[in-house]
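A.B. asks: Input file: entry.pdb. Contents: PDB, C-alpha atoms and all ligand atoms.
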```pdb
MODEL        1
ATOM      1  CA  MET A 142      59.688-195.390 165.073
ATOM      2  CA  THR A 143      56.879-195.196 162.495
ATOM      3  CA  LEU A 144      57.634-197.199 159.389
ATOM      4  CA  THR A 145      55.579-197.313 156.206
ATOM      5  CA  LEU A 146      56.036-200.180 153.794
ATOM      6  CA  HIS A 147      55.091-199.302 150.216
ATOM      7  CA  ASN A 148      54.678-202.716 148.651
ATOM      8  CA  TYR A 149      52.472-205.266 146.884
ATOM      9  CA  PHE A 150      51.194-208.533 148.302
ATOM     10  CA  ARG A 151      52.471-210.735 145.467
ATOM     11  CA  SER A 152      55.870-209.085 145.060
ATOM     12  CA  SER A 153      58.590-211.397 146.365
ATOM     13  CA  THR A 154      60.942-208.503 147.103
ATOM     14  CA  SER A 155      58.131-207.079 149.267
ATOM     15  CA  THR A 156      57.671-210.461 150.954
ATOM     16  CA  ARG A 157      61.380-210.430 151.828
ATOM     17  CA  LEU A 158      61.021-207.111 153.551
ATOM     18  CA  ARG A 159      57.842-208.066 155.404
ATOM     19  CA  ILE A 160      59.640-211.130 156.792
ATOM     20  CA  ALA A 161      62.643-209.073 157.923
ATOM     21  CA  LEU A 162      60.411-206.492 159.622
ATOM     22  CA  ASN A 163      58.457-209.281 161.353
ATOM     23  CA  LEU A 164      61.623-211.057 162.505
ATOM     24  CA  LYS A 165      62.921-207.792 163.957
ATOM     25  CA  GLY A 166      59.599-207.187 165.688
ATOM     26  CA  LEU A 167      59.103-203.872 163.867
ATOM     27  CA  ALA A 168      55.535-202.720 163.285
ATOM     28  CA  TYR A 169      54.783-200.906 160.035
ATOM     29  CA  ASP A 170      51.952-199.275 158.160
ATOM     30  CA  TYR A 171      51.060-201.283 155.062
ATOM     31  CA  LYS A 172      50.529-199.343 151.856
ATOM     32  CA  GLY A 173      49.662-201.557 148.893
ATOM     33  CA  TYR A 174      50.190-200.673 145.209
ATOM     34  CA  ALA A 175      48.409-202.688 142.531
ATOM     35  CA  LEU A 176      51.241-203.305 140.066
ATOM     36  CA  LEU A 177      48.900-204.554 137.337
ATOM     37  CA  GLU A 178      47.078-201.209 137.554
ATOM     38  CA  LYS A 179      50.435-199.421 137.342
ATOM     39  CA  GLN A 180      49.980-197.705 140.704
ATOM     40  CA  HIS A 181      53.771-197.927 141.109
ATOM     41  CA  LYS A 182      54.160-195.664 138.086
ATOM     42  CA  SER A 183      52.106-192.842 139.599
ATOM     43  CA  GLU A 184      53.754-189.480 140.211
ATOM     44  CA  ALA A 185      53.364-189.965 143.965
ATOM     45  CA  PHE A 186      55.101-193.331 143.941
ATOM     46  CA  LEU A 187      57.874-192.228 141.570
ATOM     47  CA  ALA A 188      58.641-189.415 144.010
ATOM     48  CA  ARG A 189      59.379-192.185 146.546
ATOM     49  CA  ASN A 190      61.334-194.369 144.135
ATOM     50  CA  PRO A 191      62.165-193.019 140.665
ATOM     51  CA  ALA A 192      62.856-196.610 139.552
ATOM     52  CA  GLY A 193      59.130-197.355 139.908
ATOM     53  CA  LEU A 194      59.698-200.603 141.821
ATOM     54  CA  VAL A 195      58.399-201.890 145.126
ATOM     55  CA  PRO A 196      59.240-202.228 147.945
ATOM     56  CA  VAL A 197      60.067-198.865 149.477
ATOM     57  CA  LEU A 198      60.490-198.474 153.217
ATOM     58  CA  GLU A 199      59.638-195.001 154.485
ATOM     59  CA  LEU A 200      61.257-194.032 157.768
ATOM     60  CA  ASP A 201      59.701-191.693 160.333
ATOM     61  CA  ASP A 202      61.811-188.719 159.117
ATOM     62  CA  GLY A 203      60.480-189.170 155.559
ATOM     63  CA  THR A 204      63.564-190.949 154.203
ATOM     64  CA  HIS A 205      62.744-193.521 151.534
ATOM     65  CA  LEU A 206      64.877-196.653 151.371
ATOM     66  CA  THR A 207      64.859-198.761 148.204
ATOM     67  CA  GLN A 208      66.267-202.162 147.149
ATOM     68  CA  SER A 209      65.045-204.973 149.401
ATOM     69  CA  MET A 210      68.471-206.460 150.136
ATOM     70  CA  ALA A 211      69.958-203.069 151.062
ATOM     71  CA  ILE A 212      66.969-202.374 153.307
ATOM     72  CA  ILE A 213      67.219-205.762 155.019
ATOM     73  CA  GLU A 214      70.890-205.164 155.768
ATOM     74  CA  TYR A 215      70.000-201.675 157.057
ATOM     75  CA  LEU A 216      67.412-203.210 159.401
ATOM     76  CA  ASP A 217      69.946-205.813 160.523
ATOM     77  CA  GLU A 218      72.512-203.112 161.327
ATOM     78  CA  THR A 219      70.077-200.838 163.141
ATOM     79  CA  HIS A 220      68.202-203.648 164.935
ATOM     80  CA  PRO A 221      70.819-206.358 165.485
ATOM     81  CA  GLU A 222      68.534-208.862 167.240
ATOM     82  CA  PRO A 223      67.918-211.443 165.984
ATOM     83  CA  PRO A 224      70.852-211.322 163.533
ATOM     84  CA  LEU A 225      70.048-212.145 159.932
ATOM     85  CA  LEU A 226      73.668-212.810 158.946
ATOM     86  CA  PRO A 227      76.206-215.171 160.571
ATOM     87  CA  ALA A 228      78.875-213.786 162.912
ATOM     88  CA  ASP A 229      81.803-215.056 160.807
ATOM     89  CA  ALA A 230      82.950-213.614 157.471
ATOM     90  CA  ARG A 231      82.891-216.969 155.663
ATOM     91  CA  GLY A 232      79.402-217.657 156.904
ATOM     92  CA  ARG A 233      78.281-214.236 155.711
ATOM     93  CA  ALA A 234      79.854-214.889 152.298
ATOM     94  CA  ARG A 235      77.977-218.200 152.024
ATOM     95  CA  VAL A 236      74.641-216.708 153.062
ATOM     96  CA  ARG A 237      75.014-213.711 150.721
ATOM     97  CA  SER A 238      75.976-216.094 147.927
ATOM     98  CA  LEU A 239      72.868-218.260 148.425
ATOM     99  CA  ALA A 240      70.709-215.145 148.673
ATOM    100  CA  GLY A 241      72.360-213.678 145.568
ATOM    101  CA  MET A 242      71.460-216.733 143.497
ATOM    102  CA  ILE A 243      67.845-215.736 144.022
ATOM    103  CA  ALA A 244      68.012-211.963 144.439
ATOM    104  CA  CYS A 245      70.616-211.204 141.725
ATOM    105  CA  ASP A 246      70.583-214.147 139.307
ATOM    106  CA  LEU A 247      66.957-215.237 139.283
ATOM    107  CA  HIS A 248      64.492-212.592 140.404
ATOM    108  CA  PRO A 249      65.425-209.784 137.937
ATOM    109  CA  LEU A 250      64.894-212.087 134.933
ATOM    110  CA  ASN A 251      61.367-212.988 136.001
ATOM    111  CA  ASN A 252      60.213-209.582 137.176
ATOM    112  CA  LEU A 253      56.852-208.253 135.990
ATOM    113  CA  ARG A 254      58.365-205.652 133.667
ATOM    114  CA  VAL A 255      60.506-208.325 131.980
ATOM    115  CA  LEU A 256      57.493-210.594 131.448
ATOM    116  CA  GLN A 257      55.496-207.630 130.127
ATOM    117  CA  TYR A 258      58.347-206.729 127.749
ATOM    118  CA  LEU A 259      58.446-210.312 126.440
ATOM    119  CA  ASP A 260      54.738-209.993 125.717
ATOM    120  CA  ARG A 261      54.781-206.483 124.264
ATOM    121  CA  GLU A 262      57.960-206.606 122.163
ATOM    122  CA  PHE A 263      58.328-210.308 121.385
ATOM    123  CA  GLY A 264      54.710-211.433 121.232
ATOM    124  CA  GLN A 265      55.034-214.025 123.979
ATOM    125  CA  GLY A 266      51.686-214.966 125.480
ATOM    126  CA  ASP A 267      51.028-216.725 128.770
ATOM    127  CA  ASP A 268      52.632-220.000 127.617
ATOM    128  CA  GLY A 269      55.819-218.333 126.436
ATOM    129  CA  LYS A 270      56.124-216.281 129.607
ATOM    130  CA  ALA A 271      55.526-219.340 131.803
ATOM    131  CA  LYS A 272      58.199-221.253 129.881
ATOM    132  CA  TRP A 273      60.639-218.369 130.392
ATOM    133  CA  PHE A 274      59.809-218.120 134.097
ATOM    134  CA  ARG A 275      60.219-221.868 134.674
ATOM    135  CA  HIS A 276      63.519-221.948 132.779
ATOM    136  CA  TRP A 277      65.132-219.332 135.005
ATOM    137  CA  VAL A 278      63.779-220.874 138.202
ATOM    138  CA  LYS A 279      65.347-224.190 137.195
ATOM    139  CA  GLU A 280      68.653-222.470 136.373
ATOM    140  CA  ALA A 281      68.784-221.133 139.921
ATOM    141  CA  PHE A 282      67.016-223.822 141.953
ATOM    142  CA  ASP A 283      68.915-226.830 140.522
ATOM    143  CA  PRO A 284      72.318-225.576 141.775
ATOM    144  CA  LEU A 285      70.761-224.114 144.922
ATOM    145  CA  GLU A 286      69.420-227.549 145.841
ATOM    146  CA  VAL A 287      72.857-229.112 145.253
ATOM    147  CA  MET A 288      74.609-226.468 147.337
ATOM    148  CA  LEU A 289      72.154-226.786 150.204
ATOM    149  CA  ALA A 290      72.021-230.596 150.093
ATOM    150  CA  THR A 291      75.787-231.114 150.043
ATOM    151  CA  SER A 292      77.045-228.536 152.532
ATOM    152  CA  SER A 293      77.648-229.406 156.176
ATOM    153  CA  GLN A 294      76.809-225.775 156.930
ATOM    154  CA  THR A 295      73.191-226.285 155.945
ATOM    155  CA  GLY A 296      71.162-226.997 159.028
ATOM    156  CA  VAL A 297      67.499-226.735 159.827
ATOM    157  CA  PHE A 298      67.667-223.650 157.627
ATOM    158  CA  CYS A 299      69.920-222.540 154.741
ATOM    159  CA  HIS A 300      72.805-221.814 157.101
ATOM    160  CA  GLY A 301      72.730-223.491 160.484
ATOM    161  CA  ASP A 302      69.691-223.562 162.698
ATOM    162  CA  THR A 303      68.746-219.877 162.651
ATOM    163  CA  PRO A 304      66.774-218.322 159.795
ATOM    164  CA  GLY A 305      68.582-215.551 157.944
ATOM    165  CA  ILE A 306      68.817-213.592 154.712
ATOM    166  CA  ALA A 307      69.134-216.646 152.448
ATOM    167  CA  ASP A 308      66.004-218.149 154.015
ATOM    168  CA  ILE A 309      64.151-214.878 153.515
ATOM    169  CA  CYS A 310      64.950-214.925 149.781
ATOM    170  CA  LEU A 311      64.153-218.626 149.478
ATOM    171  CA  TYR A 312      60.778-218.385 151.205
ATOM    172  CA  ALA A 313      59.685-215.402 149.101
ATOM    173  CA  GLN A 314      60.833-217.031 145.850
ATOM    174  CA  VAL A 315      58.998-220.301 146.528
ATOM    175  CA  TRP A 316      55.771-218.294 146.862
ATOM    176  CA  ASN A 317      56.635-216.531 143.597
ATOM    177  CA  ASN A 318      57.224-219.875 141.864
ATOM    178  CA  ARG A 319      53.795-221.105 142.897
ATOM    179  CA  ARG A 320      52.185-218.514 140.649
ATOM    180  CA  PHE A 321      53.670-220.470 137.746
ATOM    181  CA  LYS A 322      52.747-223.852 139.236
ATOM    182  CA  ILE A 323      56.335-224.666 140.200
ATOM    183  CA  GLU A 324      56.340-226.642 143.413
ATOM    184  CA  THR A 325      59.377-227.736 145.392
ATOM    185  CA  ASP A 326      58.711-231.504 144.984
ATOM    186  CA  SER A 327      61.874-232.073 142.948
ATOM    187  CA  TYR A 328      63.967-230.085 145.438
ATOM    188  CA  PRO A 329      63.910-232.080 148.705
ATOM    189  CA  THR A 330      66.253-229.851 150.699
ATOM    190  CA  ILE A 331      64.547-226.656 149.573
ATOM    191  CA  ALA A 332      61.162-228.253 150.341
ATOM    192  CA  ARG A 333      62.309-229.256 153.822
ATOM    193  CA  ILE A 334      63.653-225.766 154.607
ATOM    194  CA  PHE A 335      60.560-224.057 153.197
ATOM    195  CA  GLY A 336      58.359-226.334 155.332
ATOM    196  CA  ARG A 337      60.223-225.296 158.476
ATOM    197  CA  LEU A 338      60.161-221.603 157.558
ATOM    198  CA  ASP A 339      56.431-221.756 156.929
ATOM    199  CA  LYS A 340      55.935-222.781 160.558
ATOM    200  CA  ILE A 341      57.598-219.568 161.785
ATOM    201  CA  ASP A 342      55.039-216.853 162.409
ATOM    202  CA  ALA A 343      57.283-214.045 161.080
ATOM    203  CA  PHE A 344      57.505-215.859 157.743
ATOM    204  CA  ALA A 345      53.944-217.142 157.495
ATOM    205  CA  ARG A 346      52.500-213.700 158.313
ATOM    206  CA  ALA A 347      54.506-212.209 155.442
ATOM    207  CA  ALA A 348      53.167-214.649 152.839
ATOM    208  CA  PRO A 349      51.280-213.116 149.890
ATOM    209  CA  PRO A 350      47.788-214.532 150.649
ATOM    210  CA  ARG A 351      47.814-213.010 154.124
ATOM    211  CA  GLN A 352      48.304-209.402 153.008
ATOM    212  CA  PRO A 353      45.482-206.823 153.052
ATOM    213  CA  ASP A 354      45.679-206.214 149.280
ATOM    214  CA  ALA A 355      45.692-209.931 148.384
ATOM    215  CA  ALA A 356      43.306-210.566 145.516
TER     216      ALA A 356
HETATM  217  N1  LIG B 401      66.207-205.312 143.188
HETATM  218  C1  LIG B 401      64.958-204.727 143.609
HETATM  219  C2  LIG B 401      63.871-205.253 142.710
HETATM  220  C3  LIG B 401      62.522-204.628 143.006
HETATM  221  C4  LIG B 401      61.487-205.162 142.035
HETATM  222  O1  LIG B 401      61.824-205.580 140.910
HETATM  223  N2  LIG B 401      60.220-205.172 142.459
HETATM  224  C5  LIG B 401      59.174-205.685 141.610
HETATM  225  C6  LIG B 401      58.181-206.505 142.392
HETATM  226  S1  LIG B 401      58.912-207.975 143.042
HETATM  227  C7  LIG B 401      58.436-204.551 140.949
HETATM  228  O2  LIG B 401      58.212-203.517 141.548
HETATM  229  N3  LIG B 401      58.024-204.741 139.698
HETATM  230  C8  LIG B 401      57.272-203.783 139.009
HETATM  231  C9  LIG B 401      57.461-203.859 137.537
HETATM  232  O3  LIG B 401      58.177-204.751 137.082
HETATM  233  O4  LIG B 401      56.883-203.012 136.849
HETATM  234  C10 LIG B 401      64.690-205.051 145.082
HETATM  235  O5  LIG B 401      65.203-206.079 145.559
HETATM  236  O6  LIG B 401      64.010-204.291 145.774
ENDMDL
END
```
What would you get if you wrote out this structure as C-alpha cells?
Ligand SMILES: N[C@@H](CCC(=O)N[C@@H](CS)C(=O)NCC(=O)O)C(=O)O
C.D. replies:
Amino acid sequence: MTLTLHNYFRSSTSTRLRIALNLKGLAYDYKGYALLEKQHKSEAFLARNPAGLVPVLELDDGTHLTQSMAIIEYLDETHPEPPLLPADARGRARVRSLAGMIACDLHPLNNLRVLQYLDREFGQGDDGKAKWFRHWVKEAFDPLEVMLATSSQTGVFCHGDTPGIADICLYAQVWNNRRFKIETDSYPTIARIFGRLDKIDAFARAAPPRQPDAA
C-alpha cells in the first residue's frame, strides 16, 4: 500500500498522524506544505481537502482522508495491531474523552487560522496571541492533569501500559505548547507520560524537529 501524507512538520494534527502511521509500521511518502506561505490554500491542495487544513492521508487508489482523529481510527480498524484503543467500551470512552479534551476542546481554539484572525480582525500582536494560546492550554491541561493523576486507569501511559490515541494527542500537543514556551513542569503526570512517550521510537520520529520540512 502506497500512502502519501500531506502535512506540515509543526502541525500537531499532522504529528498525531505520523505517530499513528509509525506505530502501525506503515511507510508513507512525506509531502510538506508550508502553512505560513499558504501552500495549503493552493488549488492543488484544496482539491485534496476543500477545508484547506492538514493533514490529508492519500491512499493508493487516490482516496483522500481528512480529519486526523477519523484517519487514526481508520488506520486502527484496517491495521488492528497494535491497537490504539482499549478492548472494553468503558476504556474506549475514557481514552476518547481524554483525547477529545485536546483534539476537540483545545486544538481548534489555538489553530493557526484562529491566531491569524485574532491578529487581522482584533489587532492582537504576538503578546496577545501568546496570552490567548496559554489560556486555552491551561483550560485543558489543568483538568487533564487532575484526571490522569487521580485515575487508577492511568498507567505508564494515559490509559494502562500501552500507548494509544490519548497519548498520541498528548504528545503532539506538548510539542505544540513548546512553541509558546509552555513546558509541562507544573503538570507532573503529563510530564511523566510525555517523558515515557518520547523514548518510543514511533513517537520520537514523528516529532516536529525531525521532519524533512522542519525550519
Ligand atoms: N480537526 C482537524 C484540524 C486540522 C487542522 O486544523 N490543521 C491545522 C494544522 S494543526 C491547519 O491546517 N491549519 C491551517 C490554518 O489554520 O490555516 C484535524 O484533526 O485534522
A.B. asks: Expanded to explicit residues, what is the PyMOL selection byres (((not hetatm)) within 6 of (chain B and resi 401)) for this file, as a list in words?
C.D. replies: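 When the PyMOL selection byres (((not hetatm)) within 6 of (chain B and resi 401)) is applied to the shown file, the picked residues are Ser152, Ser153, Thr154, Leu194, Val195, Pro196, Gln208, Ser209, Met210, Asn252, Leu253 and Arg254 of chain A.
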A.B. asks: Choose the residue, out of A:Leu289, A:Cys245, A:Ala313, A:Ala343, that has the smallest atom-to-atom separation from Leu167 of chain A; count only C-alpha atoms.
C.D. replies: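 When distances to Leu167 of chain A are compared using only C-alpha atoms, the smallest one comes from A:Ala343.
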A.B. asks: Could you list the residues chosen by the PyMOL selection byres (((chain A and resi 316) around 10) and not hetatm) in this structure as a list of chain:residue names?
C.D. replies: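 Applied to this file, the PyMOL selection byres (((chain A and resi 316) around 10) and not hetatm) returns A:Arg151, A:Ser152, A:Ser153, A:Thr156, A:Leu311, A:Tyr312, A:Ala313, A:Gln314, A:Val315, A:Asn317, A:Asn318, A:Arg319, A:Arg320, A:Phe321, A:Lys322, A:Ile323, A:Glu324, A:Phe335, A:Ala348, A:Pro349, A:Pro350.
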A.B. asks: My list of candidates is A:Asp260, A:Asp267, A:Asp354, A:Asp326. Which is closest to Glu286 of chain A when distances are computed with only C-alpha atoms?
C.D. replies: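 Of the candidates, the smallest distance to Glu286 of chain A is held by A:Asp326.
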A.B. asks: Provide the atom CA of Thr143 of chain A to atom CA of Ala240 of chain A distance in Å, to one decimal place.
C.D. replies: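 Those two atoms sit 27.9 Å apart.
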A.B. asks: Please expand the PyMOL selection byres (((chain A and resi 337) around 12) and not hetatm) into the concrete residues it hits in this file, giving the result as a PyMOL selection string.
C.D. replies: chain A and resi 296-299+302-304+308+311-312+330-336+338-345
A.B. asks: Taking 6 positions as the minimum chain separation for residues in the same chain, which residues sit within 9 Å of Gln294 of chain A when counting all atoms listed in the file? Answer as a PyMOL selection string.
C.D. replies: chain A and resi 232+300-301
A.B. asks: Can you work out the spacing between atom CA of Arg275 of chain A and atom CA of His181 of chain A in Å, to one decimal?
C.D. replies: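 Atom-to-atom, atom CA of Arg275 of chain A to atom CA of His181 of chain A, that is 25.6 Å.
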A.B. asks: Could you check which of A:Asn148, A:Asn251, A:Asn163, A:Thr219 is closest to Phe274 of chain A, using all atoms listed in the file?
C.D. replies: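 The closest residue to Phe274 of chain A is A:Asn251.
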A.B. asks: Report the distance between atom CA of Ala211 of chain A and atom CA of Ile309 of chain A in Å, rounded to one decimal place.
C.D. replies: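 Distance reported for this atom pair: 13.4 Å.
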A.B. asks: Rebuild N, CA and C atoms on segment 288-322 of chain A, as a PDB file, keeping the file's coordinate frame?
C.D. replies:
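Saved file out.pdb follows:
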```
ATOM      1  N   MET A 288      73.787-227.164 146.329  1.00  0.00           N
ATOM      2  CA  MET A 288      74.609-226.468 147.337  1.00  0.00           C
ATOM      3  C   MET A 288      74.063-226.675 148.746  1.00  0.00           C
ATOM      4  N   LEU A 289      72.751-226.614 148.873  1.00  0.00           N
ATOM      5  CA  LEU A 289      72.154-226.786 150.204  1.00  0.00           C
ATOM      6  C   LEU A 289      72.256-228.247 150.664  1.00  0.00           C
ATOM      7  N   ALA A 290      72.047-229.170 149.723  1.00  0.00           N
ATOM      8  CA  ALA A 290      72.021-230.596 150.093  1.00  0.00           C
ATOM      9  C   ALA A 290      73.406-231.124 150.444  1.00  0.00           C
ATOM     10  N   THR A 291      74.445-230.534 149.886  1.00  0.00           N
ATOM     11  CA  THR A 291      75.787-231.114 150.043  1.00  0.00           C
ATOM     12  C   THR A 291      76.659-230.389 151.062  1.00  0.00           C
ATOM     13  N   SER A 292      76.204-229.281 151.592  1.00  0.00           N
ATOM     14  CA  SER A 292      77.045-228.536 152.532  1.00  0.00           C
ATOM     15  C   SER A 292      76.754-228.914 153.981  1.00  0.00           C
ATOM     16  N   SER A 293      77.812-229.100 154.744  1.00  0.00           N
ATOM     17  CA  SER A 293      77.648-229.406 156.176  1.00  0.00           C
ATOM     18  C   SER A 293      77.182-228.159 156.932  1.00  0.00           C
ATOM     19  N   GLN A 294      77.246-227.013 156.263  1.00  0.00           N
ATOM     20  CA  GLN A 294      76.809-225.775 156.930  1.00  0.00           C
ATOM     21  C   GLN A 294      75.295-225.566 156.855  1.00  0.00           C
ATOM     22  N   THR A 295      74.664-226.329 155.977  1.00  0.00           N
ATOM     23  CA  THR A 295      73.191-226.285 155.945  1.00  0.00           C
ATOM     24  C   THR A 295      72.677-226.990 157.184  1.00  0.00           C
ATOM     25  N   GLY A 296      71.728-226.379 157.829  1.00  0.00           N
ATOM     26  CA  GLY A 296      71.162-226.997 159.028  1.00  0.00           C
ATOM     27  C   GLY A 296      69.664-227.136 158.885  1.00  0.00           C
ATOM     28  N   VAL A 297      68.956-226.765 159.922  1.00  0.00           N
ATOM     29  CA  VAL A 297      67.499-226.735 159.827  1.00  0.00           C
ATOM     30  C   VAL A 297      67.112-225.755 158.724  1.00  0.00           C
ATOM     31  N   PHE A 298      67.924-224.687 158.640  1.00  0.00           N
ATOM     32  CA  PHE A 298      67.667-223.650 157.627  1.00  0.00           C
ATOM     33  C   PHE A 298      68.844-223.606 156.645  1.00  0.00           C
ATOM     34  N   CYS A 299      68.881-222.578 155.788  1.00  0.00           N
ATOM     35  CA  CYS A 299      69.920-222.540 154.741  1.00  0.00           C
ATOM     36  C   CYS A 299      71.324-222.523 155.325  1.00  0.00           C
ATOM     37  N   HIS A 300      71.481-221.875 156.468  1.00  0.00           N
ATOM     38  CA  HIS A 300      72.805-221.814 157.101  1.00  0.00           C
ATOM     39  C   HIS A 300      72.603-222.018 158.597  1.00  0.00           C
ATOM     40  N   GLY A 301      72.906-223.214 159.061  1.00  0.00           N
ATOM     41  CA  GLY A 301      72.730-223.491 160.484  1.00  0.00           C
ATOM     42  C   GLY A 301      71.264-223.586 160.880  1.00  0.00           C
ATOM     43  N   ASP A 302      71.034-223.332 162.152  1.00  0.00           N
ATOM     44  CA  ASP A 302      69.691-223.562 162.698  1.00  0.00           C
ATOM     45  C   ASP A 302      68.939-222.272 163.019  1.00  0.00           C
ATOM     46  N   THR A 303      69.413-221.164 162.448  1.00  0.00           N
ATOM     47  CA  THR A 303      68.746-219.877 162.651  1.00  0.00           C
ATOM     48  C   THR A 303      68.371-219.311 161.285  1.00  0.00           C
ATOM     49  N   PRO A 304      67.134-218.876 161.114  1.00  0.00           N
ATOM     50  CA  PRO A 304      66.774-218.322 159.795  1.00  0.00           C
ATOM     51  C   PRO A 304      67.468-216.985 159.530  1.00  0.00           C
ATOM     52  N   GLY A 305      67.881-216.794 158.298  1.00  0.00           N
ATOM     53  CA  GLY A 305      68.582-215.551 157.944  1.00  0.00           C
ATOM     54  C   GLY A 305      68.223-215.081 156.543  1.00  0.00           C
ATOM     55  N   ILE A 306      69.104-214.271 155.985  1.00  0.00           N
ATOM     56  CA  ILE A 306      68.817-213.592 154.712  1.00  0.00           C
ATOM     57  C   ILE A 306      68.582-214.580 153.557  1.00  0.00           C
ATOM     58  N   ALA A 307      69.342-215.674 153.533  1.00  0.00           N
ATOM     59  CA  ALA A 307      69.134-216.646 152.448  1.00  0.00           C
ATOM     60  C   ALA A 307      67.747-217.282 152.572  1.00  0.00           C
ATOM     61  N   ASP A 308      67.335-217.563 153.808  1.00  0.00           N
ATOM     62  CA  ASP A 308      66.004-218.149 154.015  1.00  0.00           C
ATOM     63  C   ASP A 308      64.904-217.181 153.603  1.00  0.00           C
ATOM     64  N   ILE A 309      65.132-215.914 153.882  1.00  0.00           N
ATOM     65  CA  ILE A 309      64.151-214.878 153.515  1.00  0.00           C
ATOM     66  C   ILE A 309      63.938-214.886 151.994  1.00  0.00           C
ATOM     67  N   CYS A 310      65.058-214.922 151.254  1.00  0.00           N
ATOM     68  CA  CYS A 310      64.950-214.925 149.781  1.00  0.00           C
ATOM     69  C   CYS A 310      64.295-216.211 149.290  1.00  0.00           C
ATOM     70  N   LEU A 311      64.693-217.334 149.892  1.00  0.00           N
ATOM     71  CA  LEU A 311      64.153-218.626 149.478  1.00  0.00           C
ATOM     72  C   LEU A 311      62.637-218.698 149.694  1.00  0.00           C
ATOM     73  N   TYR A 312      62.209-218.306 150.873  1.00  0.00           N
ATOM     74  CA  TYR A 312      60.778-218.385 151.205  1.00  0.00           C
ATOM     75  C   TYR A 312      59.958-217.538 150.229  1.00  0.00           C
ATOM     76  N   ALA A 313      60.426-216.311 149.993  1.00  0.00           N
ATOM     77  CA  ALA A 313      59.685-215.402 149.101  1.00  0.00           C
ATOM     78  C   ALA A 313      59.659-215.944 147.671  1.00  0.00           C
ATOM     79  N   GLN A 314      60.770-216.527 147.228  1.00  0.00           N
ATOM     80  CA  GLN A 314      60.833-217.031 145.850  1.00  0.00           C
ATOM     81  C   GLN A 314      59.937-218.249 145.653  1.00  0.00           C
ATOM     82  N   VAL A 315      59.864-219.117 146.666  1.00  0.00           N
ATOM     83  CA  VAL A 315      58.998-220.301 146.528  1.00  0.00           C
ATOM     84  C   VAL A 315      57.540-219.860 146.339  1.00  0.00           C
ATOM     85  N   TRP A 316      57.139-218.820 147.067  1.00  0.00           N
ATOM     86  CA  TRP A 316      55.771-218.294 146.862  1.00  0.00           C
ATOM     87  C   TRP A 316      55.616-217.751 145.445  1.00  0.00           C
ATOM     88  N   ASN A 317      56.669-217.076 144.959  1.00  0.00           N
ATOM     89  CA  ASN A 317      56.635-216.531 143.597  1.00  0.00           C
ATOM     90  C   ASN A 317      56.487-217.668 142.573  1.00  0.00           C
ATOM     91  N   ASN A 318      57.256-218.736 142.800  1.00  0.00           N
ATOM     92  CA  ASN A 318      57.224-219.875 141.864  1.00  0.00           C
ATOM     93  C   ASN A 318      55.828-220.489 141.760  1.00  0.00           C
ATOM     94  N   ARG A 319      55.120-220.469 142.877  1.00  0.00           N
ATOM     95  CA  ARG A 319      53.795-221.105 142.897  1.00  0.00           C
ATOM     96  C   ARG A 319      52.839-220.466 141.903  1.00  0.00           C
ATOM     97  N   ARG A 320      53.052-219.195 141.625  1.00  0.00           N
ATOM     98  CA  ARG A 320      52.185-218.514 140.649  1.00  0.00           C
ATOM     99  C   ARG A 320      52.299-219.177 139.290  1.00  0.00           C
ATOM    100  N   PHE A 321      53.453-219.800 139.030  1.00  0.00           N
ATOM    101  CA  PHE A 321      53.670-220.470 137.746  1.00  0.00           C
ATOM    102  C   PHE A 321      53.656-221.986 137.919  1.00  0.00           C
ATOM    103  N   LYS A 322      52.968-222.419 138.985  1.00  0.00           N
ATOM    104  CA  LYS A 322      52.747-223.852 139.236  1.00  0.00           C
ATOM    105  C   LYS A 322      54.059-224.620 139.402  1.00  0.00           C
TER     106      LYS A 322
END
```
